[in-house]
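Source file upload_14.txt; content: compact mmCIF, C-alpha atoms.
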```txt
# COMPACT_ATOMS: atom_id res chain seq x y z
CA MET A 196 162.90 87.54 101.56
CA THR A 197 159.86 89.52 100.39
CA ALA A 198 157.56 88.43 97.59
CA GLN A 199 159.01 91.23 95.43
CA ASP A 200 162.56 90.02 96.05
CA GLU A 201 161.60 86.46 95.21
CA SER A 202 159.88 87.59 92.00
CA ALA A 203 162.96 89.52 90.90
CA ARG A 204 165.29 86.64 91.69
CA SER A 205 163.04 84.19 89.83
CA THR A 206 162.84 86.49 86.80
CA LEU A 207 166.59 87.03 86.64
CA GLY A 208 167.12 83.28 87.06
CA ALA A 209 164.81 82.49 84.15
CA THR A 210 166.60 85.14 82.07
CA ARG A 211 169.95 83.56 82.89
CA ARG A 212 168.81 80.02 82.08
CA HIS A 213 166.69 80.61 79.00
CA LEU A 214 167.73 83.93 77.43
CA SER A 215 171.35 84.79 78.22
CA PRO A 216 173.60 84.65 81.31
CA GLN A 217 175.23 87.92 80.24
CA LEU A 218 171.82 89.57 79.80
CA ALA A 219 170.79 88.47 83.28
CA LEU A 220 174.02 89.89 84.69
CA VAL A 221 173.54 93.25 82.98
CA HIS A 222 169.88 93.47 83.98
CA GLY A 223 170.69 92.56 87.57
CA MET A 224 173.43 95.19 87.79
CA ASN A 225 171.32 97.92 86.17
CA GLY A 226 168.42 97.28 88.53
CA SER A 227 170.49 96.53 91.64
CA GLY A 228 168.72 93.18 91.74
CA ALA A 229 165.26 94.59 90.98
CA ILE A 230 163.25 94.23 87.77
CA GLU A 231 160.87 96.56 85.96
CA ALA A 232 157.31 96.06 87.16
CA ARG A 233 155.06 98.83 85.83
CA GLY A 234 155.32 101.80 83.49
CA GLU A 235 153.75 105.12 84.45
CA GLY A 236 154.26 108.24 82.35
CA ALA A 237 157.91 109.23 82.37
CA ARG A 238 158.78 106.59 84.97
CA VAL A 239 159.14 102.87 85.31
CA ARG A 240 158.38 101.29 88.69
CA LEU A 241 160.73 98.61 89.97
CA SER A 242 159.92 95.46 91.89
CA ASP A 243 161.56 96.77 95.07
CA GLY A 244 159.33 99.84 95.19
CA ARG A 245 161.77 102.31 93.64
CA SER A 246 161.02 104.25 90.47
CA ALA A 247 163.32 105.39 87.69
CA LEU A 248 162.90 108.09 85.09
CA ASP A 249 162.72 106.42 81.67
CA PHE A 250 164.85 108.63 79.44
CA GLY A 251 166.08 105.66 77.43
CA SER A 252 164.17 102.63 76.11
CA TYR A 253 166.07 103.05 72.84
CA ALA A 254 163.73 105.86 71.71
CA VAL A 255 160.53 103.80 71.91
CA THR A 256 158.83 105.69 74.76
CA LEU A 257 158.59 109.13 73.10
CA LEU A 258 155.07 109.36 74.56
CA GLY A 259 156.16 107.86 77.86
CA GLN A 260 154.92 104.65 79.41
CA ARG A 261 151.28 103.71 78.74
CA HIS A 262 150.15 106.98 77.17
CA PRO A 263 146.40 107.04 77.89
CA ALA A 264 145.28 107.90 74.35
CA VAL A 265 147.32 105.06 72.86
CA VAL A 266 146.26 102.54 75.50
CA ALA A 267 142.60 103.49 75.00
CA ALA A 268 142.87 103.09 71.21
CA VAL A 269 144.45 99.66 71.54
CA ARG A 270 141.84 98.56 74.08
CA ARG A 271 139.02 99.59 71.73
CA GLU A 272 140.62 97.65 68.90
CA LEU A 273 141.23 94.66 71.16
CA ASP A 274 137.49 94.48 71.81
CA THR A 275 136.73 94.80 68.09
CA LEU A 276 139.34 93.27 65.79
CA PRO A 277 142.60 92.25 67.50
CA VAL A 278 143.99 90.42 64.47
CA SER A 279 143.40 90.60 60.73
CA THR A 280 142.28 87.71 58.57
CA ARG A 281 144.82 88.94 55.97
CA VAL A 282 142.32 88.17 53.19
CA LEU A 283 139.94 91.05 53.99
CA ALA A 284 140.52 94.78 54.39
CA ASN A 285 139.98 96.54 57.71
CA ARG A 286 139.38 100.21 58.51
CA THR A 287 142.12 100.65 61.11
CA THR A 288 145.01 99.48 58.94
CA ALA A 289 143.82 101.44 55.92
CA GLY A 290 143.28 104.44 58.17
CA LEU A 291 146.86 104.35 59.44
CA ALA A 292 148.24 104.16 55.89
CA GLU A 293 146.15 107.16 54.88
CA ALA A 294 147.20 109.09 57.99
CA LEU A 295 150.89 108.41 57.39
CA THR A 296 150.77 109.69 53.81
CA ALA A 297 148.98 112.85 54.97
CA TRP A 298 151.50 113.32 57.79
CA ALA A 299 154.89 112.56 56.23
CA ASP A 300 155.11 114.45 52.93
CA PRO A 301 151.59 115.01 51.56
CA GLY A 302 151.13 114.46 47.87
CA ARG A 303 154.60 112.98 47.31
CA LEU A 304 155.08 110.02 49.67
CA THR A 305 151.74 108.37 48.99
CA LYS A 306 152.42 104.65 49.52
CA VAL A 307 152.85 102.69 52.75
CA TRP A 308 154.16 99.30 53.82
CA LEU A 309 153.76 98.37 57.50
CA GLY A 310 156.00 96.15 59.62
CA LEU A 311 156.77 95.45 63.26
CA ASN A 312 160.26 96.88 63.77
CA GLY A 313 162.98 98.91 62.15
CA CYS A 314 164.61 95.93 60.48
CA ASP A 315 161.31 95.11 58.78
CA ALA A 316 161.20 98.59 57.27
CA VAL A 317 164.84 98.51 56.15
CA GLU A 318 164.49 95.08 54.54
CA ALA A 319 161.30 96.09 52.71
CA ALA A 320 162.81 99.34 51.41
CA LEU A 321 165.99 97.65 50.17
CA LYS A 322 163.98 94.96 48.41
CA LEU A 323 161.73 97.54 46.75
CA ALA A 324 164.72 99.56 45.54
CA ARG A 325 166.38 96.52 44.00
CA LEU A 326 163.16 95.35 42.35
CA ALA A 327 162.24 98.81 41.05
CA THR A 328 165.66 99.54 39.55
CA GLY A 329 166.90 96.10 38.55
CA ARG A 330 170.15 97.03 40.30
CA THR A 331 171.84 95.52 43.34
CA ARG A 332 174.23 98.02 44.91
CA VAL A 333 173.51 100.03 48.05
CA VAL A 334 175.38 103.04 49.42
CA ALA A 335 175.36 103.65 53.19
CA VAL A 336 177.34 105.94 55.50
CA GLU A 337 180.17 105.08 57.86
CA GLY A 338 178.87 104.91 61.41
CA ALA A 339 175.39 103.88 60.28
CA TYR A 340 173.10 101.56 62.19
CA HIS A 341 170.17 100.07 60.26
CA GLY A 342 169.52 96.86 62.21
CA LYS A 343 170.83 93.33 62.61
CA SER A 344 168.77 91.15 60.26
CA LEU A 345 171.03 89.89 57.48
CA GLY A 346 170.03 92.45 54.86
CA ALA A 347 169.94 95.38 57.25
CA LEU A 348 173.17 94.24 58.88
CA ALA A 349 174.98 94.59 55.57
CA THR A 350 174.21 98.32 55.70
CA THR A 351 175.15 98.65 59.40
CA TRP A 352 178.71 99.91 59.89
CA ASN A 353 179.81 98.34 63.19
CA ALA A 354 182.14 95.39 62.54
CA ARG A 355 181.30 93.92 65.96
CA TYR A 356 177.98 92.64 64.60
CA ARG A 357 179.12 91.93 61.05
CA ARG A 358 182.39 90.07 61.13
CA SER A 359 181.21 86.65 62.34
CA LEU A 360 178.32 86.56 59.84
CA GLU A 361 180.01 87.62 56.63
CA PRO A 362 179.49 87.30 53.73
CA LEU A 363 176.31 89.36 54.06
CA LEU A 364 174.12 90.93 51.40
CA GLY A 365 176.59 91.88 48.69
CA GLY A 366 177.15 95.19 46.99
CA VAL A 367 177.03 97.54 49.99
CA THR A 368 179.48 100.46 50.02
CA HIS A 369 180.00 102.59 53.14
CA ILE A 370 181.28 106.10 52.54
CA PRO A 371 182.47 108.86 54.90
CA ALA A 372 179.92 111.59 55.58
CA GLN A 373 181.80 113.95 53.27
CA VAL A 374 180.77 115.51 49.96
CA SER A 375 184.18 114.60 48.55
CA ALA A 376 183.34 110.90 48.95
CA LEU A 377 180.28 111.02 46.69
CA PRO A 378 181.91 110.60 43.24
CA GLY A 379 183.64 107.41 44.33
CA ALA A 380 180.43 105.99 45.77
CA PHE A 381 178.86 105.84 42.32
CA ALA A 382 181.99 104.93 40.38
CA GLY A 383 181.18 102.54 37.58
CA ASP A 384 177.46 103.23 37.83
CA GLY A 385 175.74 102.91 34.49
CA GLU A 386 178.34 100.70 32.84
CA ASP A 387 176.42 97.60 33.81
CA ALA A 388 172.86 97.64 35.18
CA ASP A 389 173.74 94.84 37.59
CA ASP A 390 176.51 96.96 39.10
CA GLY A 391 174.44 100.14 39.44
CA VAL A 392 173.34 101.68 42.73
CA ALA A 393 169.75 100.84 43.61
CA ALA A 394 169.50 102.77 46.87
CA VAL A 395 171.25 105.20 49.15
CA LEU A 396 170.33 104.59 52.81
CA VAL A 397 171.05 107.28 55.39
CA GLU A 398 170.13 108.40 58.93
CA PRO A 399 169.93 112.21 59.18
CA VAL A 400 171.18 111.83 62.75
CA GLN A 401 173.11 108.66 63.55
CA GLY A 402 171.62 107.44 66.83
CA GLU A 403 173.42 104.20 67.65
CA GLY A 404 176.46 105.74 65.98
CA GLY A 405 176.86 108.23 68.82
CA VAL A 406 174.12 110.84 68.23
CA ARG A 407 175.98 112.24 65.26
CA PRO A 408 173.96 114.74 63.19
CA LEU A 409 175.08 114.66 59.57
CA GLU A 410 175.78 118.00 57.91
CA PRO A 411 172.76 119.33 55.97
CA GLY A 412 175.03 120.14 53.02
CA PHE A 413 176.23 116.55 52.87
CA LEU A 414 172.67 115.18 53.08
CA ARG A 415 171.49 117.42 50.24
CA ALA A 416 174.49 116.53 48.08
CA LEU A 417 173.94 112.84 48.82
CA ALA A 418 170.31 113.14 47.74
CA ASP A 419 171.28 114.98 44.56
CA ALA A 420 173.91 112.37 43.71
CA ALA A 421 171.48 109.50 44.31
CA HIS A 422 168.84 110.98 42.05
CA ALA A 423 171.36 111.97 39.39
CA HIS A 424 172.43 108.32 39.16
CA GLY A 425 168.89 106.94 39.11
CA ALA A 426 169.08 105.57 42.66
CA PHE A 427 166.42 105.88 45.35
CA LEU A 428 167.19 107.88 48.50
CA ILE A 429 165.89 106.16 51.65
CA ALA A 430 165.88 108.21 54.86
CA ASP A 431 166.10 106.00 57.94
CA GLU A 432 164.13 108.05 60.48
CA ILE A 433 163.29 105.09 62.68
CA GLN A 434 164.87 106.88 65.62
CA THR A 435 164.83 110.53 64.48
CA GLY A 436 161.31 110.86 63.09
CA LEU A 437 157.98 111.56 64.80
CA ARG A 438 159.38 114.81 66.27
CA ARG A 439 162.05 113.05 68.30
CA CYS A 440 164.46 115.62 66.87
CA GLY A 441 161.93 118.47 66.63
CA PRO A 442 160.42 118.41 63.13
CA ARG A 443 158.12 115.65 61.95
CA LEU A 444 160.95 114.34 59.78
CA VAL A 445 164.50 115.64 59.82
CA SER A 446 165.08 114.81 56.17
CA THR A 447 162.12 116.69 54.74
CA ASP A 448 162.70 119.59 57.15
CA LEU A 449 166.20 119.97 55.67
CA GLY A 450 164.82 120.07 52.14
CA VAL A 451 166.05 116.58 51.30
CA ARG A 452 163.41 114.84 49.18
CA PRO A 453 163.70 111.15 50.08
CA ASP A 454 161.98 108.52 47.99
CA ALA A 455 161.06 106.79 51.24
CA VAL A 456 161.17 107.50 54.94
CA LEU A 457 161.42 104.65 57.42
CA LEU A 458 159.59 104.96 60.73
CA GLY A 459 159.56 102.73 63.80
CA LYS A 460 160.37 102.71 67.53
CA ALA A 461 157.95 105.42 68.76
CA LEU A 462 155.44 104.84 65.95
CA GLY A 463 153.52 102.32 68.10
CA GLY A 464 153.18 104.86 70.89
CA GLY A 465 155.29 102.80 73.26
CA VAL A 466 152.49 100.22 73.40
CA GLN A 467 152.69 98.15 70.20
CA PRO A 468 155.56 97.12 67.89
CA LEU A 469 155.11 99.00 64.62
CA SER A 470 157.18 100.31 61.71
CA ALA A 471 156.48 101.77 58.30
CA VAL A 472 157.94 102.52 54.88
CA VAL A 473 156.29 105.66 53.49
CA ALA A 474 157.34 105.91 49.85
CA THR A 475 156.86 107.43 46.44
CA PRO A 476 154.80 105.51 43.88
CA GLU A 477 157.99 104.94 41.84
CA LEU A 478 159.82 103.12 44.63
CA TYR A 479 156.66 101.29 45.66
CA GLU A 480 155.83 100.11 42.13
CA PRO A 481 156.85 96.45 42.70
CA LEU A 482 154.31 96.16 45.52
CA SER A 483 151.67 98.01 43.53
CA ALA A 484 152.12 95.49 40.73
CA ASP A 485 152.26 92.46 43.04
CA PRO A 486 151.17 92.97 46.68
CA PHE A 487 152.55 89.55 47.57
CA VAL A 488 156.13 90.27 46.51
CA HIS A 489 156.89 91.18 50.15
CA THR A 490 154.58 90.15 52.99
CA THR A 491 154.70 89.33 56.69
CA THR A 492 151.93 87.72 58.72
CA PHE A 493 151.49 90.66 61.11
CA SER A 494 152.12 93.51 58.69
CA GLY A 495 149.54 96.17 59.46
CA HIS A 496 147.86 94.20 62.26
CA PRO A 497 144.92 96.18 63.70
CA LEU A 498 146.26 96.61 67.25
CA GLY A 499 149.48 98.16 65.96
CA ALA A 500 147.58 100.32 63.48
CA ALA A 501 145.31 101.61 66.25
CA ALA A 502 148.36 102.47 68.35
CA GLY A 503 149.99 104.22 65.40
CA LEU A 504 146.95 106.37 64.69
CA ALA A 505 146.74 107.48 68.32
CA ALA A 506 150.50 108.06 68.47
CA LEU A 507 150.52 110.35 65.41
CA THR A 508 147.76 112.50 66.91
CA SER A 509 149.38 112.62 70.35
CA VAL A 510 152.82 113.51 69.00
CA GLU A 511 151.40 116.46 67.09
CA GLU A 512 149.50 117.68 70.13
CA LEU A 513 152.71 117.57 72.20
CA ALA A 514 155.01 119.14 69.61
CA PRO A 515 155.16 122.54 71.40
CA ARG A 516 156.11 120.77 74.61
CA GLY A 517 158.96 119.03 72.78
CA ALA A 518 160.42 122.40 71.79
CA GLU A 519 160.35 123.57 75.42
CA LEU A 520 162.04 120.40 76.66
CA SER A 521 164.66 120.64 73.92
CA GLU A 522 165.73 124.08 75.13
CA LEU A 523 165.87 122.85 78.71
CA PHE A 524 168.12 119.91 77.84
CA ALA A 525 170.34 121.91 75.52
CA ALA A 526 171.12 124.36 78.32
CA GLY A 527 171.31 121.73 81.04
CA LEU A 528 173.65 119.38 79.20
CA THR A 529 175.91 122.21 78.05
CA GLY A 530 176.26 123.25 81.67
CA LEU A 531 176.93 119.66 82.69
CA ALA A 532 179.80 119.36 80.21
CA GLY A 533 181.27 122.60 81.53
CA ARG A 534 181.24 121.30 85.10
CA HIS A 535 182.89 117.98 84.23
CA PRO A 536 185.49 118.78 81.54
CA SER A 537 187.81 115.89 82.43
CA LEU A 538 184.98 113.37 82.13
CA ILE A 539 182.78 114.65 79.30
CA ARG A 540 184.30 115.31 75.89
CA GLU A 541 181.22 116.60 74.09
CA VAL A 542 177.45 116.98 74.24
CA ARG A 543 175.50 116.94 70.97
CA GLY A 544 171.97 116.43 69.75
CA GLN A 545 168.70 118.14 68.99
CA GLY A 546 165.09 117.93 70.06
CA LEU A 547 164.75 115.00 72.44
CA LEU A 548 167.76 113.02 71.18
CA TRP A 549 170.96 113.88 73.06
CA GLY A 550 174.34 112.20 73.29
CA VAL A 551 176.89 112.69 76.06
CA GLU A 552 180.34 111.56 74.95
CA PHE A 553 182.59 110.52 77.82
CA ALA A 554 186.37 110.37 77.89
CA THR A 555 186.41 106.57 77.57
CA PRO A 556 183.96 103.68 77.13
CA ALA A 557 184.83 102.60 80.68
CA ALA A 558 183.78 105.98 82.04
CA ALA A 559 180.50 105.80 80.11
CA GLY A 560 179.89 102.30 81.46
CA GLU A 561 180.51 103.44 85.04
CA VAL A 562 178.08 106.34 84.62
CA LEU A 563 175.46 104.12 82.94
CA MET A 564 175.45 101.67 85.83
CA GLU A 565 175.31 104.37 88.51
CA LEU A 566 172.53 106.23 86.73
CA GLY A 567 170.36 103.10 86.93
CA ARG A 568 171.08 102.77 90.63
CA ASN A 569 170.18 106.43 91.16
CA GLY A 570 166.88 106.36 89.31
CA LEU A 571 167.59 107.35 85.70
CA VAL A 572 167.37 105.00 82.70
CA VAL A 573 169.30 106.06 79.59
CA SER A 574 170.46 104.13 76.52
CA PRO A 575 174.05 103.33 75.53
CA CYS A 576 175.16 103.59 71.89
CA LEU A 577 175.94 100.21 70.35
CA GLY A 578 178.33 101.70 67.81
CA ARG A 579 179.99 104.23 70.12
CA PRO A 580 180.27 102.78 73.65
CA GLU A 581 181.75 106.02 74.98
CA VAL A 582 178.42 107.79 74.29
CA LEU A 583 175.25 107.64 76.39
CA ARG A 584 171.92 108.75 74.93
CA LEU A 585 169.26 110.72 76.76
CA LEU A 586 165.88 110.18 75.11
CA PRO A 587 163.36 112.07 77.23
CA PRO A 588 159.64 111.65 76.49
CA LEU A 589 157.41 114.44 75.26
CA ILE A 590 155.27 114.09 78.39
CA ALA A 591 158.10 114.80 80.85
CA THR A 592 157.49 117.71 83.20
CA ASP A 593 160.07 120.43 83.86
CA GLU A 594 160.57 118.92 87.30
CA GLU A 595 161.29 115.47 85.84
CA ALA A 596 163.71 116.95 83.31
CA LYS A 597 165.55 118.84 86.04
CA GLU A 598 165.59 115.72 88.20
CA ALA A 599 167.21 113.76 85.37
CA LEU A 600 169.86 116.43 84.85
CA ALA A 601 170.53 116.57 88.59
CA ILE A 602 170.99 112.79 88.78
CA LEU A 603 173.39 112.90 85.85
CA ASP A 604 175.32 115.73 87.48
CA THR A 605 175.55 113.91 90.82
CA VAL A 606 176.68 110.67 89.21
CA CYS A 607 179.32 112.43 87.10
CA ALA A 608 180.67 114.21 90.18
CA ALA A 609 181.08 110.88 91.96
CA VAL A 610 182.94 109.05 89.17
CA PRO A 611 186.28 107.79 90.58
CA ASP A 612 189.48 109.49 89.42
CA GLU A 613 190.61 106.32 87.65
CA PHE A 614 187.99 107.03 84.96
CA ARG A 615 189.13 110.64 84.49
CA PRO A 616 192.04 111.23 82.11
CA GLN A 617 194.41 114.02 83.00
CA ASP A 618 193.40 117.47 81.77
CA ARG A 619 193.97 117.37 77.99
CA SER A 620 194.90 121.06 77.97
```
Please express the file's structure as structure tokens.
Amino acid sequence: MTAQDESARSTLGATRRHLSPQLALVHGMNGSGAIEARGEGARVRLSDGRSALDFGSYAVTLLGQRHPAVVAAVRRELDTLPVSTRVLANRTTAGLAEALTAWADPGRLTKVWLGLNGCDAVEAALKLARLATGRTRVVAVEGAYHGKSLGALATTWNARYRRSLEPLLGGVTHIPAQVSALPGAFAGDGEDADDGVAAVLVEPVQGEGGVRPLEPGFLRALADAAHAHGAFLIADEIQTGLRRCGPRLVSTDLGVRPDAVLLGKALGGGVQPLSAVVATPELYEPLSADPFVHTTTFSGHPLGAAAGLAALTSVEELAPRGAELSELFAAGLTGLAGRHPSLIREVRGQGLLWGVEFATPAAAGEVLMELGRNGLVVSPCLGRPEVLRLLPPLIATDEEAKEALAILDTVCAAVPDEFRPQDRS
């Protein structure tokens, strides 16, 4: 047994004993017994010497693995101020807040709260909405995924993660993504302040929900209804923002004027955990009045702020490349679906967020496992197990994009007949 084999076996053993036996099993199957060892650009190197294209990582690696500008920024900060005292201001954190307000929706979204992950941002935004309005109700959309902390979980649609923990945060109503559902969502609003809607929380494109873009007309009507009833509109762009879907923010690009946008995942450049609430002064008022009404120890820590500043700059520099890659994947995945009609039901997405819906969850699982063995990492959808997500990085070359599409094509062609329903026509 080589040293690499022994390292992988030891790592998987520790995962099994101390994290989760099921997690160790999944990791072992996905890596064919190998573990991830080093990230390089659009690839992750494995312990057995193989490499795999990283077109997954749950949307974190938009700039690829170890983007040099982000790594350099974090290294500089590490040598200067790796952690904040929390009782003094520092230039890097304040600089990121200023950059985010100039980047997101200049002149309107002028306030920032910083966290470490998407759940942090969701929890902070919900708390602000309830404090600012004095109301308690929240409207979310069927199919939504907003995280698994107890407050965020109440707004997440999937019963798999909810049912054993209920009752959760009360007063959450999930509605279909249909304009006709809007009057009922606000029924009773205004009769009693305690029963009124404080916030409407929505993903412009549902990522974990199967890469499901919501209709622009519905999003605009939802925003109008929220504002007409005195509620705040919160756009969850944790997965869709930062040009993952093309524009800086899908919501503002569609003309929806959210009272806050939530950012995360790629915001730390694939190097540091980082999230943000970028909000209007009205929504942010409780924190303006009392900055200690919602705090976390590592909110706005300098290393994350340095990564975020470098990530914002790098994403803008690579925006034209994202448009080129989007066209390549749109054409490639459409062709893929045409070649495998009995296996693939639909391809949908935009920018660098694409979903491939397979005939069954079992078929998607078979493809997911074989993709890993053949050198392509993608992400499943927690709310729609029949859908696999391709999340290519902005730094991918045409050759790497074509390689990923070729691997997917080869794997789909080799799927056993037992996973292929008879021709639905």
Any idea what the distance is between CA of Gly530 (chain A) and CA of Leu586 (chain A)?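 A separation of 17.9 Å between them.
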Neighbour list for Ser521 (chain A) as a VMD selection string, cut-off 6 Å, only C-alpha atoms, skip fewer than 3 positions in-chain: chain A and resid 518 524 546 to 547
If we count all atoms listed in the file, what is near region 599-610 of chain A at a cut-off of 9 Å, once residues fewer than 2 positions away on the same chain are taken out, given as a list in words? Leu248, Phe250, Phe524, Gly527, Leu528, Leu531, Arg534, His535, Leu538, Ile539, Ala558, Glu561, Val562, Glu565, Leu566, Asn569, Gly570, Leu571, Glu594, Glu595, Ala596, Lys597, Asp612, Glu613, Phe614 and Arg615 of chain A
What's around Gly517 (chain A) at 9 Å? Count all atoms listed in the file, leave out sequence neighbours fewer than 5 positions away in its own chain, and write the answer as a tab-separated table (two decimals) with C-alpha atoms, keeping the file's coordinate frame.
```tsv
chain	number	residue	atom	x	y	z
A	438	ARG	CA	159.38	114.81	66.27
A	439	ARG	CA	162.05	113.05	68.30
A	440	CYS	CA	164.46	115.62	66.87
A	441	GLY	CA	161.93	118.47	66.63
A	522	GLU	CA	165.73	124.08	75.13
A	546	GLY	CA	165.09	117.93	70.06
A	547	LEU	CA	164.75	115.00	72.44
A	588	PRO	CA	159.64	111.65	76.49
A	589	LEU	CA	157.41	114.44	75.26
A	590	ILE	CA	155.27	114.09	78.39
```
Quick one: distance from CA of Trp549 (chain A) to CA of Leu457 (chain A) in Å, one decimal?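 One can read the CA of Trp549 (chain A) to CA of Leu457 (chain A) distance as 20.5 Å.
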Using all atoms listed in the file - which residues lie no farther than 8 Å from the point (149.3, 102.9, 73.8) in the file's frame? Write them as number ranges by chain. A: 261-269, 463-467, 502, 505-506
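Proximity to Pro536 (chain A) was assessed for A:Ala349, A:Pro575, A:Pro616, A:Arg238 counting all atoms listed in the file; the smallest distance is recorded for A:Pro616.
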CA of Phe381 (chain A) to CA of Pro399 (chain A), straight-line distance in Å: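 It comes out at 20.1 Å.
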Please list as an MDAnalysis selection string every residue within 10 Å of region 315-317 of chain A, counting all atoms listed in the file and excluding residues in the same chain fewer than 5 positions away. chainID A and resid 308:310 322:323 341:342 344 346:348 350 396 429:431 433 456:459 469:473 491 494
Within 8 Å of file point (175.9, 103.7, 63.7), counting all atoms listed in the file, expressed as a CSV table (one decimal) with C-alpha atoms, keeping the file's coordinate frame:
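And here's selection-v3.csv as it stands now:
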```csv
chain,number,residue,atom,x,y,z
A,337,GLU,CA,180.2,105.1,57.9
A,338,GLY,CA,178.9,104.9,61.4
A,339,ALA,CA,175.4,103.9,60.3
A,340,TYR,CA,173.1,101.6,62.2
A,341,HIS,CA,170.2,100.1,60.3
A,351,THR,CA,175.2,98.6,59.4
A,352,TRP,CA,178.7,99.9,59.9
A,353,ASN,CA,179.8,98.3,63.2
A,401,GLN,CA,173.1,108.7,63.6
A,402,GLY,CA,171.6,107.4,66.8
A,403,GLU,CA,173.4,104.2,67.6
A,404,GLY,CA,176.5,105.7,66.0
A,405,GLY,CA,176.9,108.2,68.8
A,577,LEU,CA,175.9,100.2,70.4
A,578,GLY,CA,178.3,101.7,67.8
A,579,ARG,CA,180.0,104.2,70.1
```
Need the shell around region 287-297 of chain A: protein/DNA/RNA residues with any atom at most 10 Å away, counting all atoms listed in the file. Skip same-chain ones fewer than 3 positions apart. Format as number ranges by chain? A: 272, 276, 279, 284, 300-309, 458, 471-475, 494-505, 507-508
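Across A:Val400, A:Gly391, A:Ala354, A:Val336, the tightest approach to Val374 (chain A) is made by A:Val336 when counting all atoms listed in the file.
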Given 8 Å of margin on each side, can you work out the centre and size in Å (one decimal) of an axis-aligned box holding every listed atom of region 458-462 of chain A, as AutoDock Vina command-line options?
```
--center_x 157.9 --center_y 104.1 --center_z 64.7 --size_x 20.9 --size_y 18.7 --size_z 24.0
```
Pick out the closest residue to Arg543 (chain A) from this set: A:Val221, A:Leu311, A:Leu513, A:Leu409. Count only C-alpha atoms.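 That would be A:Leu409, the residue with the smallest distance to Arg543 (chain A).
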